[in-house]
file coords-v9.pdb (PDB, C-alpha atoms)
ATOM      1  CA  MET A  12      -0.685 -23.226  -7.667  1.00  0.00           C
ATOM      2  CA  LEU A  13      -1.077 -25.667  -4.760  1.00  0.00           C
ATOM      3  CA  ILE A  14       2.172 -24.396  -3.222  1.00  0.00           C
ATOM      4  CA  ILE A  15       0.910 -20.809  -3.501  1.00  0.00           C
ATOM      5  CA  ILE A  16      -2.374 -21.697  -1.770  1.00  0.00           C
ATOM      6  CA  ILE A  17      -0.545 -23.572   1.011  1.00  0.00           C
ATOM      7  CA  SER A  18       1.784 -20.579   1.444  1.00  0.00           C
ATOM      8  CA  MET A  19      -1.155 -18.176   1.671  1.00  0.00           C
ATOM      9  CA  LEU A  20      -2.856 -20.415   4.251  1.00  0.00           C
ATOM     10  CA  ASN A  21       0.388 -20.363   6.218  1.00  0.00           C
ATOM     11  CA  PHE A  22       0.539 -16.569   5.961  1.00  0.00           C
ATOM     12  CA  ALA A  23      -3.139 -16.255   6.895  1.00  0.00           C
ATOM     13  CA  TYR A  24      -2.648 -18.231  10.117  1.00  0.00           C
ATOM     14  CA  PRO A  25      -0.963 -15.437  12.154  1.00  0.00           C
ATOM     15  CA  VAL A  26      -3.486 -12.909  10.769  1.00  0.00           C
ATOM     16  CA  LEU A  27      -6.439 -14.961  11.991  1.00  0.00           C
ATOM     17  CA  TYR A  28      -4.623 -15.818  15.220  1.00  0.00           C
ATOM     18  CA  LEU A  29      -4.213 -12.131  16.083  1.00  0.00           C
ATOM     19  CA  GLN A  30      -7.837 -11.563  15.106  1.00  0.00           C
ATOM     20  CA  PHE A  31      -8.935 -14.206  17.629  1.00  0.00           C
ATOM     21  CA  ILE A  32      -6.722 -12.634  20.291  1.00  0.00           C
ATOM     22  CA  SER A  33      -8.223  -9.180  19.629  1.00  0.00           C
ATOM     23  CA  LYS A  34     -11.733 -10.608  20.033  1.00  0.00           C
ATOM     24  CA  ASN A  35     -10.831 -12.955  22.909  1.00  0.00           C
ATOM     25  CA  PRO A  36      -8.148 -11.294  25.074  1.00  0.00           C
ATOM     26  CA  GLU A  37      -8.239 -14.248  27.481  1.00  0.00           C
ATOM     27  CA  ALA A  38      -7.278 -16.550  24.576  1.00  0.00           C
ATOM     28  CA  ASN A  39     -10.250 -18.865  25.123  1.00  0.00           C
ATOM     29  CA  PHE A  40     -10.057 -20.368  21.654  1.00  0.00           C
ATOM     30  CA  THR A  41      -8.463 -23.466  20.171  1.00  0.00           C
ATOM     31  CA  ILE A  42      -6.362 -24.404  17.152  1.00  0.00           C
ATOM     32  CA  LYS A  43      -9.513 -25.968  15.711  1.00  0.00           C
ATOM     33  CA  ASP A  44     -11.219 -22.553  15.741  1.00  0.00           C
ATOM     34  CA  ILE A  45      -8.386 -21.047  13.725  1.00  0.00           C
ATOM     35  CA  THR A  46      -8.321 -24.011  11.326  1.00  0.00           C
ATOM     36  CA  THR A  47     -12.059 -23.621  10.778  1.00  0.00           C
ATOM     37  CA  ALA A  48     -11.577 -19.926  10.081  1.00  0.00           C
ATOM     38  CA  LEU A  49      -8.830 -20.763   7.586  1.00  0.00           C
ATOM     39  CA  THR A  50     -11.143 -23.188   5.794  1.00  0.00           C
ATOM     40  CA  LYS A  51     -13.952 -20.607   5.650  1.00  0.00           C
ATOM     41  CA  ASN A  52     -11.583 -17.989   4.228  1.00  0.00           C
ATOM     42  CA  THR A  53     -10.036 -20.217   1.543  1.00  0.00           C
ATOM     43  CA  GLY A  54     -12.154 -18.624  -1.194  1.00  0.00           C
ATOM     44  CA  ARG A  55     -11.274 -15.106  -0.072  1.00  0.00           C
ATOM     45  CA  LEU A  56      -7.593 -16.075   0.063  1.00  0.00           C
ATOM     46  CA  LEU A  57      -7.790 -17.344  -3.507  1.00  0.00           C
ATOM     47  CA  VAL A  58      -9.322 -14.045  -4.630  1.00  0.00           C
ATOM     48  CA  PHE A  59      -6.552 -12.157  -2.817  1.00  0.00           C
ATOM     49  CA  ILE A  60      -3.880 -14.312  -4.491  1.00  0.00           C
ATOM     50  CA  LEU A  61      -5.310 -13.767  -7.968  1.00  0.00           C
ATOM     51  CA  GLY A  62      -5.714 -10.031  -7.427  1.00  0.00           C
ATOM     52  CA  LEU A  63      -2.196  -9.776  -6.033  1.00  0.00           C
ATOM     53  CA  VAL A  64      -0.631 -11.734  -8.905  1.00  0.00           C
ATOM     54  CA  PHE A  65      -2.541 -10.255 -11.820  1.00  0.00           C
ATOM     55  CA  ILE A  66      -3.255  -6.685 -10.658  1.00  0.00           C
ATOM     56  CA  ILE A  67      -0.919  -5.521  -7.883  1.00  0.00           C
ATOM     57  CA  PHE A  68       2.304  -7.318  -8.865  1.00  0.00           C
ATOM     58  CA  PRO A  69       2.372  -6.041 -12.495  1.00  0.00           C
ATOM     59  CA  LEU A  70       1.985  -2.474 -11.222  1.00  0.00           C
ATOM     60  CA  LEU A  71       4.713  -3.032  -8.642  1.00  0.00           C
ATOM     61  CA  MET A  72       7.018  -4.473 -11.316  1.00  0.00           C
ATOM     62  CA  LEU A  73       6.660  -1.248 -13.311  1.00  0.00           C
ATOM     63  CA  LEU A  74       7.340   0.810 -10.189  1.00  0.00           C
ATOM     64  CA  PHE A  75      10.476  -1.105  -9.214  1.00  0.00           C
ATOM     65  CA  ALA A  76      11.734  -1.177 -12.816  1.00  0.00           C
ATOM     66  CA  LEU A  77      11.520   2.617 -12.811  1.00  0.00           C
ATOM     67  CA  LEU A  78      13.306   2.810  -9.459  1.00  0.00           C
ATOM     68  CA  PHE A  79      16.077   0.499 -10.699  1.00  0.00           C
ATOM     69  CA  LEU A  80      16.574   2.762 -13.704  1.00  0.00           C
ATOM     70  CA  MET A  81      16.731   5.757 -11.379  1.00  0.00           C
ATOM     71  CA  ILE A  82      19.639   4.176  -9.476  1.00  0.00           C
ATOM     72  CA  PHE A  83      21.935   5.616 -12.170  1.00  0.00           C
ATOM     73  CA  ILE A  84      20.961   9.121 -11.037  1.00  0.00           C
ATOM     74  CA  ILE A  85      21.723   8.243  -7.373  1.00  0.00           C
ATOM     75  CA  ILE A  86      18.301   9.196  -6.017  1.00  0.00           C
ATOM     76  CA  GLY A  87      16.909   5.833  -7.128  1.00  0.00           C
ATOM     77  CA  LEU A  88      18.771   3.862  -4.429  1.00  0.00           C
ATOM     78  CA  PRO A  89      17.273   5.615  -1.363  1.00  0.00           C
ATOM     79  CA  LEU A  90      13.866   5.596  -3.050  1.00  0.00           C
ATOM     80  CA  LEU A  91      14.249   1.854  -3.628  1.00  0.00           C
ATOM     81  CA  LEU A  92      15.206   1.252   0.013  1.00  0.00           C
ATOM     82  CA  ILE A  93      12.112   3.194   1.086  1.00  0.00           C
ATOM     83  CA  ALA A  94       9.783   1.626  -1.481  1.00  0.00           C
ATOM     84  CA  MET A  95      10.571  -2.014  -0.616  1.00  0.00           C
ATOM     85  CA  PRO A  96       9.475  -1.942   3.071  1.00  0.00           C
ATOM     86  CA  ALA A  97       6.669   0.505   2.194  1.00  0.00           C
ATOM     87  CA  VAL A  98       5.203  -1.853  -0.413  1.00  0.00           C
ATOM     88  CA  LEU A  99       5.577  -4.852   1.893  1.00  0.00           C
ATOM     89  CA  ALA A 100       3.830  -2.983   4.725  1.00  0.00           C
ATOM     90  CA  TRP A 101       1.082  -1.820   2.342  1.00  0.00           C
ATOM     91  CA  ILE A 102       0.381  -5.381   1.181  1.00  0.00           C
ATOM     92  CA  ASN A 103       0.433  -6.787   4.724  1.00  0.00           C
ATOM     93  CA  LEU A 104      -1.804  -4.068   6.159  1.00  0.00           C
ATOM     94  CA  SER A 105      -4.206  -4.597   3.253  1.00  0.00           C
ATOM     95  CA  PHE A 106      -4.132  -8.347   3.894  1.00  0.00           C
ATOM     96  CA  TYR A 107      -5.020  -7.789   7.549  1.00  0.00           C
ATOM     97  CA  ASP A 108      -7.887  -5.471   6.618  1.00  0.00           C
ATOM     98  CA  TYR A 109      -9.084  -7.911   3.951  1.00  0.00           C
ATOM     99  CA  LEU A 110      -9.305 -10.860   6.365  1.00  0.00           C
ATOM    100  CA  THR A 111     -10.288  -9.198   9.639  1.00  0.00           C
ATOM    101  CA  GLU A 112     -12.782  -6.628   8.316  1.00  0.00           C
ATOM    102  CA  LYS A 113     -14.040  -8.799   5.418  1.00  0.00           C
ATOM    103  CA  THR A 114     -13.636  -5.872   3.022  1.00  0.00           C
ATOM    104  CA  GLY A 115     -13.407  -6.201  -0.750  1.00  0.00           C
ATOM    105  CA  PHE A 116     -10.060  -6.556  -2.506  1.00  0.00           C
ATOM    106  CA  PHE A 117      -9.735  -2.992  -3.759  1.00  0.00           C
ATOM    107  CA  ARG A 118     -11.233  -1.551  -0.588  1.00  0.00           C
ATOM    108  CA  ALA A 119      -8.674  -3.453   1.491  1.00  0.00           C
ATOM    109  CA  PHE A 120      -5.782  -2.023  -0.509  1.00  0.00           C
ATOM    110  CA  LYS A 121      -7.256   1.466  -0.207  1.00  0.00           C
ATOM    111  CA  ASN A 122      -7.556   1.050   3.580  1.00  0.00           C
ATOM    112  CA  GLY A 123      -4.041  -0.402   3.736  1.00  0.00           C
ATOM    113  CA  PHE A 124      -2.699   2.630   1.889  1.00  0.00           C
ATOM    114  CA  LEU A 125      -4.497   5.017   4.257  1.00  0.00           C
ATOM    115  CA  LEU A 126      -3.074   3.169   7.278  1.00  0.00           C
ATOM    116  CA  LEU A 127       0.417   3.254   5.782  1.00  0.00           C
ATOM    117  CA  LYS A 128       0.116   6.978   5.071  1.00  0.00           C
ATOM    118  CA  GLN A 129      -1.073   7.607   8.624  1.00  0.00           C
ATOM    119  CA  GLN A 130       2.382   6.880  10.096  1.00  0.00           C
ATOM    120  CA  PHE A 131       4.467   6.381   6.971  1.00  0.00           C
ATOM    121  CA  TRP A 132       8.002   6.863   8.262  1.00  0.00           C
ATOM    122  CA  THR A 133       7.423   4.952  11.486  1.00  0.00           C
ATOM    123  CA  ILE A 134       5.945   1.972   9.644  1.00  0.00           C
ATOM    124  CA  VAL A 135       8.587   1.986   6.902  1.00  0.00           C
ATOM    125  CA  GLY A 136      11.410   2.317   9.440  1.00  0.00           C
ATOM    126  CA  THR A 137      10.066  -0.485  11.643  1.00  0.00           C
ATOM    127  CA  THR A 138       9.536  -2.778   8.656  1.00  0.00           C
ATOM    128  CA  PHE A 139      13.004  -2.024   7.260  1.00  0.00           C
ATOM    129  CA  VAL A 140      14.740  -2.785  10.567  1.00  0.00           C
ATOM    130  CA  MET A 141      12.712  -5.982  10.958  1.00  0.00           C
ATOM    131  CA  LEU A 142      13.658  -7.161   7.456  1.00  0.00           C
ATOM    132  CA  MET A 143      17.345  -6.401   7.999  1.00  0.00           C
ATOM    133  CA  LEU A 144      17.444  -8.277  11.301  1.00  0.00           C
ATOM    134  CA  ILE A 145      15.692 -11.275   9.750  1.00  0.00           C
ATOM    135  CA  GLN A 146      18.071 -11.327   6.765  1.00  0.00           C
ATOM    136  CA  ILE A 147      21.093 -11.232   9.072  1.00  0.00           C
ATOM    137  CA  VAL A 148      19.811 -13.967  11.395  1.00  0.00           C
ATOM    138  CA  GLN A 149      18.602 -16.172   8.539  1.00  0.00           C
ATOM    139  CA  GLY A 150      21.907 -15.716   6.705  1.00  0.00           C
ATOM    140  CA  ILE A 151      23.907 -16.730   9.775  1.00  0.00           C
ATOM    141  CA  ILE A 152      21.737 -19.777  10.485  1.00  0.00           C
ATOM    142  CA  THR A 153      21.934 -21.090   6.902  1.00  0.00           C
ATOM    143  CA  MET A 154      25.473 -20.080   5.933  1.00  0.00           C
ATOM    144  CA  VAL A 155      27.288 -21.352   9.038  1.00  0.00           C
ATOM    145  CA  PRO A 156      26.309 -25.027   8.533  1.00  0.00           C
ATOM    146  CA  TYR A 157      26.867 -24.584   4.780  1.00  0.00           C
ATOM    147  CA  PHE A 158      30.471 -23.476   5.261  1.00  0.00           C
ATOM    148  CA  ILE A 159      31.029 -26.163   7.889  1.00  0.00           C
ATOM    149  CA  GLY A 160      29.821 -28.754   5.382  1.00  0.00           C
ATOM    150  CA  ILE A 161      32.072 -27.373   2.627  1.00  0.00           C
ATOM    151  CA  ILE A 162      35.118 -27.409   4.924  1.00  0.00           C
ATOM    152  CA  TYR A 163      34.333 -30.953   6.058  1.00  0.00           C
ATOM    153  CA  PHE A 164      33.784 -32.089   2.472  1.00  0.00           C
ATOM    154  CA  PHE A 165      37.150 -30.863   1.208  1.00  0.00           C
ATOM    155  CA  SER A 166      39.090 -31.743   4.353  1.00  0.00           C
ATOM    156  CA  SER A 167      37.818 -35.335   4.280  1.00  0.00           C
ATOM    157  CA  GLY A 168      39.238 -35.864   0.794  1.00  0.00           C
ATOM    158  CA  GLN A 169      35.844 -36.658  -0.776  1.00  0.00           C
ATOM    159  CA  THR A 170      36.433 -34.425  -3.804  1.00  0.00           C
ATOM    160  CA  ASN A 171      36.067 -36.888  -6.679  1.00  0.00           C
ATOM    161  CA  MET A 172      33.479 -35.058  -8.786  1.00  0.00           C
ATOM    162  CA  SER A 173      34.183 -37.087 -11.958  1.00  0.00           C
ATOM    163  CA  ASP A 174      32.365 -40.150 -10.607  1.00  0.00           C
ATOM    164  CA  PRO A 175      28.596 -39.455 -10.382  1.00  0.00           C
ATOM    165  CA  GLU A 176      28.223 -42.373  -7.948  1.00  0.00           C
ATOM    166  CA  SER A 177      31.001 -41.261  -5.609  1.00  0.00           C
ATOM    167  CA  GLU A 178      30.213 -41.107  -1.901  1.00  0.00           C
ATOM    168  CA  GLY A 179      31.452 -37.540  -1.644  1.00  0.00           C
ATOM    169  CA  LEU A 180      29.116 -36.276  -4.384  1.00  0.00           C
ATOM    170  CA  ALA A 181      26.140 -38.086  -2.830  1.00  0.00           C
ATOM    171  CA  THR A 182      26.941 -36.634   0.607  1.00  0.00           C
ATOM    172  CA  MET A 183      27.261 -33.161  -0.869  1.00  0.00           C
ATOM    173  CA  GLY A 184      23.893 -33.522  -2.599  1.00  0.00           C
ATOM    174  CA  ILE A 185      22.146 -34.630   0.604  1.00  0.00           C
ATOM    175  CA  PHE A 186      23.766 -31.834   2.575  1.00  0.00           C
ATOM    176  CA  ALA A 187      22.699 -29.236  -0.021  1.00  0.00           C
ATOM    177  CA  ALA A 188      19.123 -30.575   0.086  1.00  0.00           C
ATOM    178  CA  VAL A 189      19.048 -30.329   3.885  1.00  0.00           C
ATOM    179  CA  ILE A 190      20.302 -26.719   3.738  1.00  0.00           C
ATOM    180  CA  MET A 191      17.640 -25.878   1.139  1.00  0.00           C
ATOM    181  CA  ILE A 192      14.860 -27.387   3.273  1.00  0.00           C
ATOM    182  CA  LEU A 193      16.181 -25.513   6.318  1.00  0.00           C
ATOM    183  CA  ALA A 194      16.193 -22.248   4.334  1.00  0.00           C
ATOM    184  CA  VAL A 195      12.575 -22.792   3.211  1.00  0.00           C
ATOM    185  CA  LEU A 196      11.397 -23.567   6.762  1.00  0.00           C
ATOM    186  CA  LEU A 197      13.230 -20.540   8.119  1.00  0.00           C
ATOM    187  CA  SER A 198      11.695 -18.320   5.442  1.00  0.00           C
ATOM    188  CA  TYR A 199       8.198 -19.448   6.483  1.00  0.00           C
ATOM    189  CA  PHE A 200       9.018 -18.852  10.140  1.00  0.00           C
ATOM    190  CA  PHE A 201      10.520 -15.400   9.605  1.00  0.00           C
ATOM    191  CA  ASN A 202       7.723 -14.392   7.214  1.00  0.00           C
ATOM    192  CA  ASN A 203       5.296 -15.154  10.024  1.00  0.00           C
ATOM    193  CA  LEU A 204       7.358 -12.941  12.343  1.00  0.00           C
ATOM    194  CA  VAL A 205       7.080 -10.127   9.810  1.00  0.00           C
ATOM    195  CA  LEU A 206       3.310 -10.670   9.599  1.00  0.00           C
ATOM    196  CA  ILE A 207       2.981 -10.580  13.379  1.00  0.00           C
ATOM    197  CA  ASN A 208       5.014  -7.362  13.442  1.00  0.00           C
ATOM    198  CA  GLN A 209       2.725  -5.890  10.774  1.00  0.00           C
ATOM    199  CA  GLY A 210      -0.298  -7.115  12.731  1.00  0.00           C
ATOM    200  CA  LEU A 211       0.824  -5.228  15.820  1.00  0.00           C
ATOM    201  CA  ILE A 212       1.153  -2.120  13.664  1.00  0.00           C
ATOM    202  CA  TYR A 213      -2.283  -2.726  12.123  1.00  0.00           C
ATOM    203  CA  TYR A 214      -4.080  -3.110  15.451  1.00  0.00           C
ATOM    204  CA  SER A 215      -2.277  -0.168  17.039  1.00  0.00           C
ATOM    205  CA  LEU A 216      -3.345   2.047  14.121  1.00  0.00           C
ATOM    206  CA  ARG A 217      -6.915   0.789  14.337  1.00  0.00           C
ATOM    207  CA  GLU A 218      -7.011   1.434  18.062  1.00  0.00           C
ATOM    208  CA  GLU A 219      -5.643   4.928  17.504  1.00  0.00           C
ATOM    209  CA  ASN A 220      -8.272   5.641  14.835  1.00  0.00           C
ATOM    210  CA  GLU A 221     -11.102   4.280  16.971  1.00  0.00           C
ATOM    211  CA  SER A 222      -9.962   6.363  19.964  1.00  0.00           C
ATOM    212  CA  THR A 223      -9.797   9.480  17.797  1.00  0.00           C
ATOM    213  CA  SER A 224     -13.256   8.743  16.398  1.00  0.00           C
ATOM    214  CA  LEU A 225     -14.664   8.248  19.915  1.00  0.00           C
ATOM    215  CA  ILE A 226     -13.200  11.550  21.123  1.00  0.00           C
ATOM    216  CA  SER A 227     -14.649  13.320  18.072  1.00  0.00           C
ATOM    217  CA  ASN A 228     -18.102  11.851  18.767  1.00  0.00           C
ATOM    218  CA  ILE A 229     -17.914  12.974  22.411  1.00  0.00           C
ATOM    219  CA  ASP A 230     -16.957  16.477  21.303  1.00  0.00           C
ATOM    220  CA  LEU A 231     -19.909  16.511  18.903  1.00  0.00           C
ATOM    221  CA  ILE A 232     -22.268  15.480  21.710  1.00  0.00           C
ATOM    222  CA  GLY A 233     -20.935  18.328  23.839  1.00  0.00           C
ATOM    223  CA  ALA A 234     -21.406  20.770  20.973  1.00  0.00           C
ATOM    224  CA  ASP A 235     -25.015  19.609  20.465  1.00  0.00           C
ATOM    225  CA  ASN A 236     -25.803  20.132  24.159  1.00  0.00           C
ATOM    226  CA  GLU A 237     -24.591  23.671  23.949  1.00  0.00           C
TER     227      GLU A 237
END

call {"tool": "encode", "arguments": {"input": "coords-v9.pdb", "output": "structure tokens"}}
result
Amino acid sequence: MLIIIISMLNFAYPVLYLQFISKNPEANFTIKDITTALTKNTGRLLVFILGLVFIIFPLLMLLFALLFLMIFIIIGLPLLLIAMPAVLAWINLSFYDYLTEKTGFFRAFKNGFLLLKQQFWTIVGTTFVMLMLIQIVQGIITMVPYFIGIIYFFSSGQTNMSDPESEGLATMGIFAAVIMILAVLLSYFFNNLVLINQGLIYYSLREENESTSLISNIDLIGADNE
């Protein structure tokens, strides 16, 4: 549970950072301001985690189980490729609305759905491309040193796996641990990139909605004057 909370705090950081930028375009805020905001939102983050785990995820599991079954009738595969970035964008947009607008859990997911529906194919396409690029880059960064280590391990003749105290086995274990730590750190970094990408989408949609609302109000004023 502690790891989940730490992960959510890490994910909340770029959300709150973009919120500070939107309120202070000149970036006249400090890391301490963001840390304070994180501390104040810990309770709300916990509520979001619990709602996500016990309400949203079970529903999504049913959805994806159905889509996996539909793969056998061909149409399930494209639907699955659309559903994955769509669901991720929905959750991220809801997360942004939940933290920045201080809305309730269900209200945030309703607003996130409305934002997603507003420009569905653009958001899904952007999210899909972003995920593919991240998977490719992350795969290259982690697999290249992994294969280099494997080649070095076998070329150096340290292949005595029968002795648990052999130098080769110990080296292999350390190398595998380093690769695992690198993969975890990269996943946090790239997840933050995805969140920033989703944040740019969120704020652009909000700005578009606010501009549309302002134009509508101006038109109403003109109609009243007539």

call {"tool": "resolve_selection", "arguments": {"input": "coords-v9.pdb", "expression": "the PyMOL selection byres ((chain A and resi 97) around 9)", "output": "PyMOL selection string"}}
result
chain A and resi 92-96+98-102+127+131-132+134-136+138-139

call {"tool": "closest_residue", "arguments": {"input": "coords-v9.pdb", "among": "A:Val148, A:Leu74, A:Leu126, A:Ile159", "to": "A:Gln209", "atoms": "all atoms listed in the file"}}
result
A:Leu126

call {"tool": "residues_near_point", "arguments": {"input": "coords-v9.pdb", "point": "(-6.5, -3.1, 5.2)", "cutoff": "9 Å", "atoms": "all atoms listed in the file", "output": "ChimeraX atom specification"}}
result
/A:101-112,114,118-126,213

call {"tool": "atom_distance", "arguments": {"input": "coords-v9.pdb", "atom1": "atom CA of A:Glu218", "atom2": "atom CA of A:Leu56"}}
result
25.1 Å

call {"tool": "closest_residue", "arguments": {"input": "coords-v9.pdb", "among": "A:Pro69, A:Leu144, A:Gly210, A:Thr223", "to": "A:Leu29", "atoms": "all atoms listed in the file"}}
result
A:Gly210

call {"tool": "atom_distance", "arguments": {"input": "coords-v9.pdb", "atom1": "atom CA of A:Lys128", "atom2": "atom CA of A:Ile60"}}
result
23.7 Å

call {"tool": "atom_distance", "arguments": {"input": "coords-v9.pdb", "atom1": "atom CA of A:Phe59", "atom2": "atom CA of A:Phe22"}}
result
12.1 Å

call {"tool": "residues_around", "arguments": {"input": "coords-v9.pdb", "residues": "A:Ile190", "least_positions_apart": "5", "cutoff": "9 Å", "atoms": "only C-alpha atoms", "output": "list of chain:residue names"}}
result
A:Thr153, A:Met154, A:Pro156, A:Tyr157, A:Ile185, A:Val195

call {"tool": "closest_residue", "arguments": {"input": "coords-v9.pdb", "among": "A:Glu221, A:Leu142, A:Ala187, A:Arg55", "to": "A:Ile161", "atoms": "only C-alpha atoms"}}
result
A:Ala187

call {"tool": "axis_aligned_box", "arguments": {"input": "coords-v9.pdb", "around": "stretch 158-162 of chain A", "padding_each_side": "8 Å", "output": "lines of an AutoDock Vina configuration file"}}
result
center_x = 32.5
center_y = -26.1
center_z = 5.3
size_x = 21.3
size_y = 21.3
size_z = 21.3

call {"tool": "resolve_selection", "arguments": {"input": "coords-v9.pdb", "expression": "the PyMOL selection byres ((chain A and resi 44-53) around 8)", "output": "ChimeraX atom specification"}}
result
/A:20,23-24,27-28,31,40-43,54-57,110

call {"tool": "closest_residue", "arguments": {"input": "coords-v9.pdb", "among": "A:Leu63, A:Gln129, A:Val189, A:Val58", "to": "A:Ile212", "atoms": "only C-alpha atoms"}}
result
A:Gln129

call {"tool": "build_atoms", "arguments": {"input": "coords-v9.pdb", "residues": "stretch 91-115 of chain A", "atoms": "N, CA and C atoms", "output": "mmCIF file, keeping the file's coordinate frame"}}
result
data_model
loop_
_atom_site.group_PDB
_atom_site.id
_atom_site.type_symbol
_atom_site.label_atom_id
_atom_site.label_comp_id
_atom_site.auth_asym_id
_atom_site.auth_seq_id
_atom_site.Cartn_x
_atom_site.Cartn_y
_atom_site.Cartn_z
ATOM 1 N N LEU A 91 14.453 3.302 -3.586
ATOM 2 C CA LEU A 91 14.249 1.854 -3.628
ATOM 3 C C LEU A 91 14.237 1.273 -2.219
ATOM 4 N N LEU A 92 15.141 1.739 -1.364
ATOM 5 C CA LEU A 92 15.206 1.252 0.013
ATOM 6 C C LEU A 92 13.964 1.651 0.806
ATOM 7 N N ILE A 93 13.357 2.770 0.433
ATOM 8 C CA ILE A 93 12.112 3.194 1.086
ATOM 9 C C ILE A 93 10.925 2.427 0.513
ATOM 10 N N ALA A 94 10.930 2.245 -0.806
ATOM 11 C CA ALA A 94 9.783 1.626 -1.481
ATOM 12 C C ALA A 94 9.592 0.163 -1.092
ATOM 13 N N MET A 95 10.690 -0.580 -0.908
ATOM 14 C CA MET A 95 10.571 -2.014 -0.616
ATOM 15 C C MET A 95 9.827 -2.285 0.694
ATOM 16 N N PRO A 96 10.250 -1.715 1.835
ATOM 17 C CA PRO A 96 9.475 -1.942 3.071
ATOM 18 C C PRO A 96 8.099 -1.284 3.021
ATOM 19 N N ALA A 97 7.972 -0.163 2.289
ATOM 20 C CA ALA A 97 6.669 0.505 2.194
ATOM 21 C C ALA A 97 5.664 -0.373 1.464
ATOM 22 N N VAL A 98 6.087 -0.977 0.360
ATOM 23 C CA VAL A 98 5.203 -1.853 -0.413
ATOM 24 C C VAL A 98 4.839 -3.092 0.392
ATOM 25 N N LEU A 99 5.847 -3.670 1.072
ATOM 26 C CA LEU A 99 5.577 -4.852 1.893
ATOM 27 C C LEU A 99 4.572 -4.529 2.999
ATOM 28 N N ALA A 100 4.754 -3.388 3.666
ATOM 29 C CA ALA A 100 3.830 -2.983 4.725
ATOM 30 C C ALA A 100 2.439 -2.726 4.158
ATOM 31 N N TRP A 101 2.369 -2.098 2.998
ATOM 32 C CA TRP A 101 1.082 -1.820 2.342
ATOM 33 C C TRP A 101 0.317 -3.108 2.059
ATOM 34 N N ILE A 102 1.019 -4.102 1.492
ATOM 35 C CA ILE A 102 0.381 -5.381 1.181
ATOM 36 C C ILE A 102 -0.073 -6.088 2.454
ATOM 37 N N ASN A 103 0.781 -6.093 3.477
ATOM 38 C CA ASN A 103 0.433 -6.787 4.724
ATOM 39 C C ASN A 103 -0.723 -6.115 5.458
ATOM 40 N N LEU A 104 -0.700 -4.785 5.514
ATOM 41 C CA LEU A 104 -1.804 -4.068 6.159
ATOM 42 C C LEU A 104 -3.110 -4.287 5.399
ATOM 43 N N SER A 105 -3.026 -4.322 4.069
ATOM 44 C CA SER A 105 -4.206 -4.597 3.253
ATOM 45 C C SER A 105 -4.707 -6.017 3.485
ATOM 46 N N PHE A 106 -3.781 -6.950 3.643
ATOM 47 C CA PHE A 106 -4.132 -8.347 3.894
ATOM 48 C C PHE A 106 -4.859 -8.480 5.234
ATOM 49 N N TYR A 107 -4.360 -7.778 6.240
ATOM 50 C CA TYR A 107 -5.020 -7.789 7.549
ATOM 51 C C TYR A 107 -6.430 -7.214 7.442
ATOM 52 N N ASP A 108 -6.570 -6.097 6.755
ATOM 53 C CA ASP A 108 -7.887 -5.471 6.618
ATOM 54 C C ASP A 108 -8.828 -6.375 5.821
ATOM 55 N N TYR A 109 -8.290 -7.034 4.814
ATOM 56 C CA TYR A 109 -9.084 -7.911 3.951
ATOM 57 C C TYR A 109 -9.662 -9.092 4.727
ATOM 58 N N LEU A 110 -8.843 -9.679 5.627
ATOM 59 C CA LEU A 110 -9.305 -10.860 6.365
ATOM 60 C C LEU A 110 -10.088 -10.504 7.620
ATOM 61 N N THR A 111 -9.641 -9.497 8.348
ATOM 62 C CA THR A 111 -10.288 -9.198 9.639
ATOM 63 C C THR A 111 -11.582 -8.403 9.472
ATOM 64 N N GLU A 112 -11.599 -7.468 8.511
ATOM 65 C CA GLU A 112 -12.782 -6.628 8.316
ATOM 66 C C GLU A 112 -13.698 -7.141 7.211
ATOM 67 N N LYS A 113 -13.255 -8.217 6.516
ATOM 68 C CA LYS A 113 -14.040 -8.799 5.418
ATOM 69 C C LYS A 113 -14.384 -7.756 4.346
ATOM 70 N N THR A 114 -13.437 -6.871 4.062
ATOM 71 C CA THR A 114 -13.636 -5.872 3.022
ATOM 72 C C THR A 114 -13.344 -6.473 1.657
ATOM 73 N N GLY A 115 -13.719 -5.763 0.598
ATOM 74 C CA GLY A 115 -13.407 -6.201 -0.750
ATOM 75 C C GLY A 115 -11.930 -6.016 -1.053
#
